[in-house]
file upload03.cif (mmCIF, C-alpha atoms)
data_entry
loop_
_atom_site.label_atom_id
_atom_site.label_comp_id
_atom_site.auth_asym_id
_atom_site.auth_seq_id
_atom_site.Cartn_x
_atom_site.Cartn_y
_atom_site.Cartn_z
CA MET A 27 -8.74 6.52 33.25
CA ALA A 28 -8.29 4.17 36.20
CA GLU A 29 -5.92 1.28 35.65
CA ALA A 30 -8.64 -1.35 36.19
CA THR A 31 -10.94 0.44 33.76
CA GLU A 32 -8.19 0.67 31.14
CA LEU A 33 -7.42 -3.04 31.55
CA SER A 34 -11.09 -3.88 31.11
CA THR A 35 -11.24 -1.70 27.98
CA LEU A 36 -8.20 -3.32 26.37
CA ILE A 37 -9.40 -6.84 27.13
CA GLY A 38 -12.77 -5.80 25.71
CA VAL A 39 -11.09 -4.76 22.45
CA LEU A 40 -9.47 -8.18 22.14
CA ASP A 41 -12.77 -9.86 23.00
CA LYS A 42 -14.54 -7.90 20.26
CA LYS A 43 -11.86 -8.94 17.75
CA MET A 44 -11.89 -12.57 18.86
CA ASN A 45 -13.45 -14.33 15.88
CA ARG A 46 -12.76 -17.84 14.65
CA GLN A 47 -9.95 -16.70 12.36
CA LEU A 48 -8.02 -14.88 15.07
CA LYS A 49 -8.50 -17.68 17.59
CA GLN A 50 -7.23 -20.24 15.10
CA TYR A 51 -4.13 -18.18 14.36
CA LEU A 52 -3.38 -17.78 18.07
CA ASP A 53 -3.93 -21.47 18.82
CA VAL A 54 -2.25 -23.10 15.85
CA CYS A 55 1.19 -21.44 15.80
CA ALA A 56 3.80 -24.14 16.48
CA ARG A 57 6.58 -21.57 17.04
CA CYS A 58 8.57 -23.32 14.35
CA ALA A 59 10.12 -19.97 13.34
CA ILE A 60 10.04 -20.77 9.62
CA CYS A 61 8.75 -17.23 9.28
CA LYS A 62 12.11 -15.82 10.43
CA ASP A 63 13.67 -16.45 7.02
CA ALA A 64 10.68 -14.89 5.25
CA CYS A 65 10.72 -11.52 7.03
CA HIS A 66 12.98 -8.86 5.53
CA GLN A 67 13.15 -7.04 8.86
CA TYR A 68 14.27 -10.05 10.88
CA VAL A 69 16.74 -11.15 8.19
CA ALA A 70 18.30 -7.66 8.15
CA THR A 71 18.40 -7.10 11.93
CA GLN A 72 18.40 -10.58 13.54
CA ASP A 73 16.28 -8.92 16.24
CA ILE A 74 13.68 -11.27 17.75
CA ARG A 75 11.24 -8.38 18.13
CA TYR A 76 10.77 -8.41 14.36
CA LEU A 77 10.23 -12.14 14.08
CA PRO A 78 6.63 -12.53 12.81
CA ALA A 79 5.85 -15.26 15.34
CA TYR A 80 7.10 -13.02 18.15
CA ARG A 81 4.94 -10.10 17.05
CA ALA A 82 1.92 -12.41 17.23
CA GLU A 83 3.16 -13.86 20.52
CA LEU A 84 2.58 -10.53 22.28
CA ILE A 85 -1.13 -10.75 21.48
CA ARG A 86 -1.13 -14.46 22.24
CA ARG A 87 0.10 -13.78 25.79
CA ILE A 88 -2.90 -11.57 26.51
CA TYR A 89 -5.12 -14.17 24.88
CA LYS A 90 -3.64 -16.97 27.01
CA LYS A 91 -4.34 -15.13 30.26
CA TYR A 92 -7.88 -14.02 29.53
CA PHE A 93 -9.37 -16.29 26.88
CA ASP A 94 -7.67 -19.67 27.17
CA ALA A 95 -9.12 -21.93 29.91
CA THR A 96 -5.77 -23.38 31.01
CA GLY A 97 -4.00 -20.05 30.80
CA ARG A 98 -6.59 -18.37 33.03
CA PHE A 99 -5.81 -20.81 35.86
CA VAL A 100 -2.02 -21.00 35.41
CA PRO A 101 -1.05 -17.90 33.39
CA ALA A 102 2.66 -18.04 34.25
CA LEU A 103 2.97 -21.56 32.84
CA TYR A 104 1.55 -20.44 29.52
CA GLU A 105 3.24 -17.01 29.56
CA GLY A 106 -0.07 -15.22 29.97
CA ARG A 107 0.36 -11.49 30.58
CA ASP A 108 -1.63 -8.35 31.27
CA PRO A 109 -1.43 -5.57 28.64
CA ASP A 110 0.70 -3.46 30.99
CA ASP A 111 2.93 -0.54 30.02
CA ASN A 112 5.91 -2.75 29.19
CA LEU A 113 3.89 -5.01 26.91
CA LEU A 114 2.18 -2.04 25.23
CA ASP A 115 5.54 -0.36 24.60
CA GLU A 116 6.86 -3.51 22.96
CA LEU A 117 3.61 -4.00 21.07
CA TYR A 118 3.86 -0.48 19.65
CA GLU A 119 7.45 -0.94 18.47
CA THR A 120 6.87 -4.27 16.79
CA THR A 121 3.40 -3.57 15.37
CA TYR A 122 3.93 -0.22 13.66
CA ALA A 123 7.31 -1.40 12.35
CA CYS A 124 5.60 -4.19 10.38
CA THR A 125 5.07 -3.30 6.72
CA GLY A 126 2.13 -5.71 6.37
CA CYS A 127 3.80 -7.40 3.40
CA ARG A 128 2.45 -10.84 4.45
CA ARG A 129 5.45 -12.68 3.04
CA CYS A 130 5.58 -14.62 6.31
CA MET A 131 2.05 -15.89 5.66
CA TYR A 132 3.14 -17.22 2.28
CA TYR A 133 5.86 -19.33 3.90
CA CYS A 134 4.02 -20.31 7.11
CA PRO A 135 2.97 -24.00 7.04
CA PHE A 136 -0.34 -22.95 8.66
CA SER A 137 -0.78 -19.75 6.59
CA ILE A 138 -0.97 -17.63 9.73
CA ASP A 139 -1.72 -14.05 8.72
CA THR A 140 0.48 -11.89 10.95
CA GLN A 141 -1.00 -8.70 9.51
CA PHE A 142 -4.47 -9.81 10.58
CA ILE A 143 -3.21 -10.44 14.12
CA LEU A 144 -1.46 -7.05 14.16
CA SER A 145 -4.70 -5.34 13.14
CA THR A 146 -5.91 -6.44 16.57
CA ALA A 147 -2.70 -5.15 18.13
CA LYS A 148 -3.30 -1.74 16.55
CA ALA A 149 -6.87 -1.69 17.86
CA ILE A 150 -5.55 -2.34 21.38
CA LEU A 151 -2.89 0.36 21.03
CA ILE A 152 -5.42 2.90 19.73
CA ALA A 153 -7.78 2.09 22.64
CA ALA A 154 -4.85 2.64 25.03
CA GLY A 155 -4.09 6.01 23.45
CA ARG A 156 -0.86 4.67 21.96
CA GLY A 157 -1.61 4.69 18.25
CA GLN A 158 1.13 6.04 15.99
CA ASP A 159 0.93 9.87 16.15
CA MET A 160 1.95 10.75 12.59
CA LEU A 161 -0.35 8.17 11.01
CA SER A 162 -3.16 9.40 13.27
CA GLN A 163 -2.59 13.02 12.19
CA LEU A 164 -2.53 12.10 8.50
CA THR A 165 -5.73 10.08 8.95
CA ASP A 166 -7.54 12.95 10.66
CA ALA A 167 -6.29 15.43 8.03
CA SER A 168 -7.93 13.31 5.31
CA LEU A 169 -11.19 13.21 7.23
CA PHE A 170 -11.07 16.96 7.88
CA LYS A 171 -10.76 17.58 4.15
CA SER A 172 -13.82 15.46 3.35
CA GLU A 173 -15.86 16.95 6.18
CA ASN A 174 -15.00 20.52 5.10
CA PHE A 175 -14.77 19.92 1.37
CA GLU A 176 -16.30 23.22 0.26
CA MET A 177 -13.35 24.97 1.90
CA PHE A 178 -10.92 23.18 -0.44
CA HIS A 179 -12.99 22.73 -3.61
CA ASP A 180 -11.94 25.81 -5.60
CA VAL A 181 -8.25 25.45 -4.74
CA ILE A 182 -8.29 21.81 -5.85
CA VAL A 183 -10.03 22.58 -9.15
CA ASP A 184 -7.60 25.41 -9.88
CA GLY A 185 -4.73 23.01 -9.21
CA PHE A 186 -6.20 20.54 -11.71
CA LYS A 187 -6.24 23.28 -14.36
CA ASP A 188 -2.51 23.82 -13.84
CA VAL A 189 -1.88 20.08 -14.25
CA GLU A 190 -4.04 20.11 -17.38
CA LYS A 191 -1.70 22.67 -18.98
CA GLU A 192 1.31 20.53 -18.08
CA ALA A 193 -0.35 17.45 -19.62
CA GLN A 194 -1.13 19.43 -22.79
CA GLU A 195 2.54 20.39 -23.11
CA LEU A 196 3.66 16.83 -22.40
CA SER A 197 1.32 15.33 -24.99
CA GLY A 198 1.54 18.08 -27.56
CA ASP A 199 -2.27 18.17 -27.64
CA PRO A 200 -3.74 21.57 -26.71
CA THR A 201 -7.25 20.07 -26.62
CA LEU A 202 -6.41 17.62 -23.82
CA GLU A 203 -8.75 18.04 -20.85
CA ILE A 204 -8.76 16.78 -17.30
CA PRO A 205 -12.49 16.39 -16.63
CA VAL A 206 -13.77 16.75 -13.10
CA ASP A 207 -17.21 15.82 -11.76
CA LYS A 208 -18.26 14.45 -15.15
CA GLN A 209 -21.59 12.64 -14.90
CA GLY A 210 -21.82 9.36 -16.83
CA ALA A 211 -18.09 8.96 -17.55
CA ASP A 212 -16.96 5.36 -17.94
CA ILE A 213 -14.04 5.73 -15.51
CA LEU A 214 -13.43 7.57 -12.25
CA TYR A 215 -9.66 7.89 -11.87
CA VAL A 216 -8.44 8.22 -8.27
CA ALA A 217 -4.96 9.74 -8.06
CA LEU A 218 -2.61 10.69 -5.25
CA ALA A 219 -2.18 14.24 -4.00
CA GLY A 220 -0.01 16.21 -6.41
CA ALA A 221 0.46 16.38 -10.17
CA HIS A 222 2.81 13.41 -10.54
CA SER A 223 0.07 10.75 -10.62
CA ILE A 224 -2.44 12.86 -12.57
CA ARG A 225 -0.33 14.20 -15.44
CA PRO A 226 0.83 10.88 -17.02
CA ALA A 227 -2.61 9.28 -16.55
CA ALA A 228 -4.24 12.24 -18.31
CA VAL A 229 -1.88 11.85 -21.28
CA ILE A 230 -2.60 8.12 -21.49
CA PHE A 231 -6.38 8.48 -21.13
CA ASN A 232 -6.37 11.21 -23.77
CA ALA A 233 -4.40 9.08 -26.22
CA ALA A 234 -6.75 6.13 -25.60
CA LYS A 235 -9.77 8.40 -26.16
CA GLU A 236 -11.11 7.23 -22.82
CA SER A 237 -14.29 8.54 -21.24
CA TRP A 238 -13.03 9.46 -17.77
CA THR A 239 -13.23 11.91 -14.92
CA LEU A 240 -10.79 12.73 -12.15
CA SER A 241 -11.76 12.17 -8.53
CA MET A 242 -11.76 15.17 -6.22
CA PHE A 243 -10.20 12.97 -3.53
CA GLU A 244 -6.81 11.33 -3.24
CA ALA A 245 -6.35 7.56 -3.13
CA ALA A 246 -4.01 7.34 -0.11
CA ASN A 247 -5.64 5.93 3.02
CA TYR A 248 -3.68 6.48 6.22
CA GLY A 249 -6.56 5.13 8.27
CA PHE A 250 -5.58 1.72 6.89
CA PHE A 251 -1.98 2.17 8.04
CA PHE A 252 -3.04 3.63 11.40
CA GLY A 253 -5.24 0.62 12.08
CA ASP A 254 -8.67 2.23 12.46
CA PRO A 255 -11.07 0.44 10.07
CA VAL A 256 -13.90 2.91 10.75
CA LYS A 257 -11.78 5.88 9.69
CA ALA A 258 -10.25 3.88 6.83
CA ARG A 259 -13.71 3.17 5.47
CA LYS A 260 -14.74 6.83 5.75
CA ILE A 261 -11.67 7.84 3.74
CA ALA A 262 -12.41 5.25 1.05
CA ASP A 263 -16.11 6.19 1.07
CA ARG A 264 -15.21 9.62 -0.30
CA PHE A 265 -14.37 8.47 -3.81
CA MET A 266 -16.57 5.36 -3.70
CA ASP A 267 -19.60 7.58 -3.01
CA GLU A 268 -18.37 9.91 -5.75
CA ALA A 269 -18.31 6.96 -8.17
CA LEU A 270 -21.90 6.10 -7.26
CA ARG A 271 -23.03 9.71 -7.66
CA LEU A 272 -21.39 10.05 -11.08
CA GLY A 273 -22.64 6.68 -12.29
CA VAL A 274 -19.28 5.44 -13.59
CA LYS A 275 -18.67 1.88 -14.75
CA GLU A 276 -15.19 1.55 -13.32
CA VAL A 277 -13.02 3.01 -10.56
CA VAL A 278 -9.35 3.05 -11.56
CA ILE A 279 -6.83 3.42 -8.76
CA THR A 280 -3.47 5.04 -9.43
CA GLU A 281 -0.02 3.56 -8.80
CA CYS A 282 -0.52 3.08 -5.06
CA GLY A 283 -0.34 -0.31 -3.38
CA HIS A 284 -2.52 0.01 -0.29
CA ALA A 285 -5.10 2.27 -1.98
CA TYR A 286 -5.80 -0.39 -4.59
CA ARG A 287 -6.10 -3.13 -1.97
CA VAL A 288 -8.42 -1.06 0.23
CA ALA A 289 -10.70 -0.16 -2.69
CA ALA A 290 -10.68 -3.53 -4.44
CA ILE A 291 -10.85 -5.85 -1.42
CA PHE A 292 -11.51 -4.25 1.97
CA HIS A 293 -14.18 -1.73 1.02
CA GLU A 294 -16.61 -4.38 -0.22
CA ALA A 295 -16.02 -6.37 2.96
CA TRP A 296 -16.71 -3.30 5.10
CA GLN A 297 -19.91 -2.59 3.18
CA GLY A 298 -21.01 -6.21 3.11
CA LYS A 299 -22.05 -5.99 -0.54
CA LYS A 300 -20.62 -5.86 -4.05
CA HIS A 301 -19.84 -2.57 -5.76
CA PRO A 302 -21.97 -1.75 -8.82
CA PHE A 303 -18.74 -0.90 -10.69
CA LYS A 304 -15.37 -2.53 -11.33
CA VAL A 305 -12.30 -1.56 -9.31
CA THR A 306 -9.15 -1.73 -11.42
CA HIS A 307 -5.49 -0.86 -11.00
CA ILE A 308 -4.24 1.73 -13.50
CA LEU A 309 -1.65 -0.71 -14.87
CA GLU A 310 -4.33 -3.24 -15.71
CA LYS A 311 -6.00 -0.49 -17.74
CA ILE A 312 -2.79 0.59 -19.48
CA ASP A 313 -1.95 -3.03 -20.31
CA GLU A 314 -5.41 -3.32 -21.87
CA TYR A 315 -4.87 -0.14 -23.93
CA ILE A 316 -1.54 -1.40 -25.28
CA LYS A 317 -2.85 -4.85 -26.18
CA ASP A 318 -6.01 -3.44 -27.78
CA GLY A 319 -4.03 -0.89 -29.77
CA ARG A 320 -5.68 2.08 -28.10
CA ILE A 321 -2.28 3.58 -27.31
CA THR A 322 0.99 3.12 -29.16
CA VAL A 323 4.30 2.53 -27.39
CA THR A 324 7.81 1.80 -28.60
CA LYS A 325 10.65 -0.22 -27.08
CA SER A 326 12.50 2.97 -26.23
CA ILE A 327 14.16 1.81 -23.01
CA GLU A 328 17.52 0.38 -23.96
CA GLU A 329 19.14 0.17 -20.52
CA PRO A 330 18.53 -2.93 -18.36
CA ILE A 331 15.28 -2.57 -16.42
CA THR A 332 13.78 -4.63 -13.60
CA TYR A 333 10.42 -4.66 -11.86
CA HIS A 334 9.67 -4.62 -8.13
CA ASP A 335 6.36 -6.21 -7.05
CA PRO A 336 4.79 -3.96 -4.39
CA CYS A 337 3.45 -6.27 -1.68
CA GLN A 338 -0.02 -4.70 -1.57
CA ILE A 339 -0.52 -4.83 -5.35
CA GLY A 340 1.19 -8.16 -5.93
CA ARG A 341 1.16 -10.67 -3.11
CA ASN A 342 -1.86 -9.09 -1.43
CA GLY A 343 -3.71 -7.82 -4.51
CA GLY A 344 -2.95 -10.39 -7.21
CA VAL A 345 -1.69 -7.96 -9.88
CA PHE A 346 1.47 -9.58 -11.27
CA GLU A 347 1.43 -9.85 -15.04
CA SER A 348 0.03 -6.54 -16.31
CA PRO A 349 2.99 -4.49 -14.99
CA ARG A 350 5.47 -6.96 -16.48
CA ASP A 351 3.72 -7.01 -19.84
CA ILE A 352 3.84 -3.20 -19.94
CA VAL A 353 7.53 -3.02 -19.05
CA LYS A 354 8.37 -5.67 -21.63
CA ALA A 355 6.41 -3.72 -24.27
CA ILE A 356 8.52 -0.57 -23.73
CA SER A 357 11.97 -2.04 -23.04
CA LYS A 358 14.62 -4.12 -24.79
CA ASP A 359 16.33 -5.65 -21.75
CA PHE A 360 13.91 -6.68 -18.99
CA ARG A 361 15.44 -8.56 -16.06
CA GLU A 362 13.47 -10.28 -13.31
CA MET A 363 14.44 -10.01 -9.69
CA THR A 364 14.85 -13.29 -7.86
CA PRO A 365 12.62 -14.22 -6.14
CA ASN A 366 9.60 -12.43 -7.63
CA ARG A 367 5.79 -12.32 -7.71
CA GLN A 368 4.34 -14.03 -4.58
CA GLU A 369 7.85 -14.58 -3.18
CA GLN A 370 9.14 -11.05 -3.83
CA TRP A 371 11.02 -9.44 -0.94
CA CYS A 372 9.34 -6.41 0.61
CA CYS A 373 11.34 -3.24 -0.05
CA GLY A 374 10.85 -2.19 3.58
CA GLY A 375 8.76 0.93 2.93
CA GLY A 376 5.19 -0.36 3.30
CA GLY A 377 2.67 -0.09 6.10
CA GLY A 378 3.00 3.70 6.29
CA ILE A 379 6.48 3.34 7.73
CA VAL A 380 7.93 5.88 5.28
CA ALA A 381 5.87 8.54 7.07
CA ILE A 382 7.26 7.69 10.52
CA ASP A 383 10.45 9.72 11.07
CA GLU A 384 11.49 7.75 14.16
CA MET A 385 11.76 4.61 12.02
CA ASN A 386 13.83 6.02 9.14
CA GLU A 387 17.13 4.38 10.11
CA PHE A 388 15.46 1.05 10.84
CA ARG A 389 13.44 1.26 7.61
CA LEU A 390 16.53 1.67 5.44
CA LYS A 391 18.38 -1.06 7.32
CA SER A 392 15.48 -3.44 6.75
CA GLY A 393 15.76 -2.98 2.98
CA MET A 394 18.99 -4.96 2.56
CA LYS A 395 17.33 -7.88 0.77
CA LYS A 396 15.94 -5.45 -1.79
CA VAL A 397 19.40 -3.90 -2.23
CA GLU A 398 20.81 -7.37 -2.91
CA GLN A 399 18.03 -8.13 -5.41
CA ILE A 400 18.52 -4.92 -7.36
CA ARG A 401 22.29 -5.35 -7.52
CA ALA A 402 21.95 -8.93 -8.71
CA THR A 403 19.92 -7.87 -11.77
CA GLY A 404 22.46 -5.33 -12.96
CA ALA A 405 19.51 -3.11 -13.90
CA LYS A 406 19.83 0.64 -14.33
CA ILE A 407 16.10 1.30 -13.97
CA VAL A 408 13.79 -0.11 -11.29
CA ALA A 409 10.11 0.23 -12.18
CA SER A 410 7.50 -0.01 -9.45
CA PRO A 411 3.85 1.12 -9.26
CA CYS A 412 3.80 2.15 -5.59
CA GLU A 413 4.84 5.54 -4.24
CA ASN A 414 5.95 4.21 -0.87
CA CYS A 415 8.08 1.55 -2.57
CA ARG A 416 9.68 4.17 -4.79
CA LEU A 417 10.42 6.48 -1.86
CA GLN A 418 12.02 3.59 0.03
CA MET A 419 14.09 2.42 -2.93
CA GLU A 420 15.23 5.97 -3.65
CA GLY A 421 16.51 6.04 -0.07
CA LEU A 422 18.22 2.68 -0.56
CA ASP A 423 19.75 3.91 -3.82
CA GLU A 424 21.18 6.97 -2.09
CA LYS A 425 22.42 5.04 0.95
CA HIS A 426 24.02 2.18 -0.99
CA ASP A 427 25.02 3.99 -4.19
CA LEU A 428 23.09 1.59 -6.43
CA GLY A 429 23.21 3.93 -9.40
CA VAL A 430 19.65 3.20 -10.53
CA ARG A 431 16.67 5.27 -11.56
CA ILE A 432 13.51 4.46 -9.60
CA ALA A 433 10.55 5.07 -11.88
CA ALA A 434 6.77 5.01 -11.95
CA ILE A 435 5.52 2.82 -14.78
CA MET A 436 3.07 5.46 -16.00
CA ASP A 437 5.98 7.86 -16.55
CA LEU A 438 7.90 5.23 -18.49
CA VAL A 439 4.84 4.54 -20.66
CA VAL A 440 4.42 8.23 -21.52
CA GLU A 441 8.13 8.41 -22.38
CA ALA A 442 7.65 5.43 -24.72
CA MET A 443 4.66 6.96 -26.52
CA PRO A 444 5.24 8.76 -29.84
CA LEU A 445 3.94 12.13 -28.64
CA LYS A 446 4.53 15.58 -30.09
CA GLY A 447 5.01 17.30 -26.76
CA THR A 448 8.00 17.81 -24.47
CA LYS A 449 9.21 14.61 -22.79
CA ALA A 450 11.95 13.92 -20.30
CA PRO A 451 14.53 11.31 -21.38
CA VAL A 452 13.94 7.73 -20.28
CA ALA A 453 17.21 7.52 -18.36
#

call {"tool": "encode", "arguments": {"input": "upload03.cif", "output": "structure tokens"}}
result
Amino acid sequence: MAEATELSTLIGVLDKKMNRQLKQYLDVCARCAICKDACHQYVATQDIRYLPAYRAELIRRIYKKYFDATGRFVPALYEGRDPDDNLLDELYETTYACTGCRRCMYYCPFSIDTQFILSTAKAILIAAGRGQDMLSQLTDASLFKSENFEMFHDVIVDGFKDVEKEAQELSGDPTLEIPVDKQGADILYVALAGAHSIRPAAVIFNAAKESWTLSMFEAANYGFFFGDPVKARKIADRFMDEALRLGVKEVVITECGHAYRVAAIFHEAWQGKKHPFKVTHILEKIDEYIKDGRITVTKSIEEPITYHDPCQIGRNGGVFESPRDIVKAISKDFREMTPNRQEQWCCGGGGGIVAIDEMNEFRLKSGMKKVEQIRATGAKIVASPCENCRLQMEGLDEKHDLGVRIAAIMDLVVEAMPLKGTKAPVA
């Protein structure tokens, strides 16, 4: 690709993305740097490249040169720049490092959404052939599976049968079933790849006597992390189309932050219409079961326990109270982190960054605010309904010798249920 052609392509990407919202964000930033104290990465590193306003500034410089009237005539005065190799290199490093937690937006006096701006940055990087390789490979692997599903079908179903046996042993109920492709079920449950997010849900659904069926597709959506909305929609379409085909009333997403947000918020926006079914987080469902008496739990957790709000479920998805109500129902000593809910610090593992090996050292360094929060509670168990959060906090625990158990809430609920099967100890 000739340099002039590439430049035209990249400017065209920005032009296509240039709606009123993006233009307002690029114009209104006062460079007050209030966002610096809101970003866990900047606070941990003191590196200007991770300042939210600076990340946005890289896009703003292209905008100033090509879309702002004054900047077009005197680009140097307004720091207008071409998207050359140096700028693209810096854009890659700052953009794919961002976890998309949007804590900076919460503190910004103008509510500038840095993640929205960086979605444009990712589109430019992808057009330039500089999208993140691992996230791209994981995205394409998901699409390959859906496009060649018959190749995987029997292996997947056989795997579900193995998990069904494990769930029977865990619950003590040999009649427990993990239904697949069940027409007319009330719920389609969308899990992650692997048994860990299927087994506890199956035990809970069985105890609640729920009418449910398990999705043939996993909830994780690396197209969202990669920054390709077309591919992200295709990945989400797999289980959304399955829900339509089966005629379910509700799609329940497992303990996964971004998967819930994509299904509950973005997918309707991409389609331009409402779903004919509810989209619910699994913890909202479990909270409902406990409060309605459909499952029984005991306050079996005696050690101090705290709760980490995953950014995509909490600040970006609005699910705050159900997880807390569940943890309080099964524990005797619940301790809040400070701050929490909308102001919760990102753990440092979001945005797909846990899958990017080159960022491992930086990722763990950026989690220092979370380390401080956990230590301050004195908790021995940290509950969190997001796999990426748990992976990150397990790394922080190992690196900083926190001495805590990082746990999925579904697992804790099963441990607190009076079942007849084999159960691991709570701590």

call {"tool": "closest_residue", "arguments": {"input": "upload03.cif", "among": "A:Ile261, A:Met443, A:Met385, A:Ala193", "to": "A:Ile327", "atoms": "only C-alpha atoms"}}
result
A:Met443

call {"tool": "closest_residue", "arguments": {"input": "upload03.cif", "among": "A:Leu36, A:Cys372, A:Leu151, A:Met160", "to": "A:Gln418", "atoms": "only C-alpha atoms"}}
result
A:Cys372

call {"tool": "atom_distance", "arguments": {"input": "upload03.cif", "atom1": "atom CA of A:Leu417", "atom2": "atom CA of A:Pro336"}}
result
12.1 Å

call {"tool": "residues_around", "arguments": {"input": "upload03.cif", "residues": "stretch 389-405 of chain A", "least_positions_apart": "5", "cutoff": "8 Å", "atoms": "only C-alpha atoms", "output": "PyMOL selection string"}}
result
chain A and resi 66-71+329-332+361-364+371-375+379-380+418+421-423+426+428+430

call {"tool": "closest_residue", "arguments": {"input": "upload03.cif", "among": "A:Ala228, A:Val305, A:Ile382, A:Met436", "to": "A:Ser162", "atoms": "all atoms listed in the file"}}
result
A:Ile382

call {"tool": "build_atoms", "arguments": {"input": "upload03.cif", "residues": "stretch 67-86 of chain A", "atoms": "N, CA and C atoms", "output": "PDB file, in the frame of the given file"}}
result
ATOM      1  N   GLN A  67      12.682  -7.774   7.691  1.00  0.00           N
ATOM      2  CA  GLN A  67      13.150  -7.040   8.860  1.00  0.00           C
ATOM      3  C   GLN A  67      13.972  -7.931   9.788  1.00  0.00           C
ATOM      4  N   TYR A  68      13.493  -9.148  10.017  1.00  0.00           N
ATOM      5  CA  TYR A  68      14.270 -10.050  10.880  1.00  0.00           C
ATOM      6  C   TYR A  68      15.581 -10.440  10.204  1.00  0.00           C
ATOM      7  N   VAL A  69      15.533 -10.750   8.911  1.00  0.00           N
ATOM      8  CA  VAL A  69      16.740 -11.150   8.190  1.00  0.00           C
ATOM      9  C   VAL A  69      17.792 -10.047   8.258  1.00  0.00           C
ATOM     10  N   ALA A  70      17.356  -8.786   8.158  1.00  0.00           N
ATOM     11  CA  ALA A  70      18.300  -7.660   8.150  1.00  0.00           C
ATOM     12  C   ALA A  70      18.835  -7.328   9.533  1.00  0.00           C
ATOM     13  N   THR A  71      18.014  -7.538  10.584  1.00  0.00           N
ATOM     14  CA  THR A  71      18.400  -7.100  11.930  1.00  0.00           C
ATOM     15  C   THR A  71      18.762  -8.227  12.878  1.00  0.00           C
ATOM     16  N   GLN A  72      18.241  -9.434  12.619  1.00  0.00           N
ATOM     17  CA  GLN A  72      18.400 -10.580  13.540  1.00  0.00           C
ATOM     18  C   GLN A  72      17.869 -10.240  14.926  1.00  0.00           C
ATOM     19  N   ASP A  73      16.895  -9.347  14.988  1.00  0.00           N
ATOM     20  CA  ASP A  73      16.280  -8.920  16.240  1.00  0.00           C
ATOM     21  C   ASP A  73      14.974  -9.676  16.422  1.00  0.00           C
ATOM     22  N   ILE A  74      14.850 -10.413  17.521  1.00  0.00           N
ATOM     23  CA  ILE A  74      13.680 -11.270  17.750  1.00  0.00           C
ATOM     24  C   ILE A  74      12.381 -10.470  17.764  1.00  0.00           C
ATOM     25  N   ARG A  75      12.451  -9.186  18.082  1.00  0.00           N
ATOM     26  CA  ARG A  75      11.240  -8.380  18.130  1.00  0.00           C
ATOM     27  C   ARG A  75      10.566  -8.286  16.759  1.00  0.00           C
ATOM     28  N   TYR A  76      11.323  -8.512  15.704  1.00  0.00           N
ATOM     29  CA  TYR A  76      10.770  -8.410  14.360  1.00  0.00           C
ATOM     30  C   TYR A  76      10.504  -9.777  13.731  1.00  0.00           C
ATOM     31  N   LEU A  77      10.626 -10.807  14.521  1.00  0.00           N
ATOM     32  CA  LEU A  77      10.230 -12.140  14.080  1.00  0.00           C
ATOM     33  C   LEU A  77       8.703 -12.184  14.028  1.00  0.00           C
ATOM     34  N   PRO A  78       8.095 -12.546  12.904  1.00  0.00           N
ATOM     35  CA  PRO A  78       6.630 -12.530  12.810  1.00  0.00           C
ATOM     36  C   PRO A  78       5.943 -13.298  13.939  1.00  0.00           C
ATOM     37  N   ALA A  79       6.461 -14.471  14.273  1.00  0.00           N
ATOM     38  CA  ALA A  79       5.850 -15.260  15.340  1.00  0.00           C
ATOM     39  C   ALA A  79       5.923 -14.534  16.679  1.00  0.00           C
ATOM     40  N   TYR A  80       6.979 -13.754  16.885  1.00  0.00           N
ATOM     41  CA  TYR A  80       7.100 -13.020  18.150  1.00  0.00           C
ATOM     42  C   TYR A  80       6.122 -11.857  18.197  1.00  0.00           C
ATOM     43  N   ARG A  81       5.928 -11.187  17.079  1.00  0.00           N
ATOM     44  CA  ARG A  81       4.940 -10.100  17.050  1.00  0.00           C
ATOM     45  C   ARG A  81       3.565 -10.647  17.475  1.00  0.00           C
ATOM     46  N   ALA A  82       3.203 -11.796  16.898  1.00  0.00           N
ATOM     47  CA  ALA A  82       1.920 -12.410  17.230  1.00  0.00           C
ATOM     48  C   ALA A  82       1.901 -12.915  18.665  1.00  0.00           C
ATOM     49  N   GLU A  83       3.070 -13.318  19.166  1.00  0.00           N
ATOM     50  CA  GLU A  83       3.160 -13.860  20.520  1.00  0.00           C
ATOM     51  C   GLU A  83       2.729 -12.839  21.564  1.00  0.00           C
ATOM     52  N   LEU A  84       2.972 -11.561  21.314  1.00  0.00           N
ATOM     53  CA  LEU A  84       2.580 -10.530  22.280  1.00  0.00           C
ATOM     54  C   LEU A  84       1.069 -10.496  22.470  1.00  0.00           C
ATOM     55  N   ILE A  85       0.332 -10.664  21.382  1.00  0.00           N
ATOM     56  CA  ILE A  85      -1.130 -10.750  21.480  1.00  0.00           C
ATOM     57  C   ILE A  85      -1.528 -12.086  22.089  1.00  0.00           C
ATOM     58  N   ARG A  86      -0.807 -13.128  21.724  1.00  0.00           N
ATOM     59  CA  ARG A  86      -1.130 -14.460  22.240  1.00  0.00           C
ATOM     60  C   ARG A  86      -1.004 -14.508  23.765  1.00  0.00           C
TER      61      ARG A  86
END
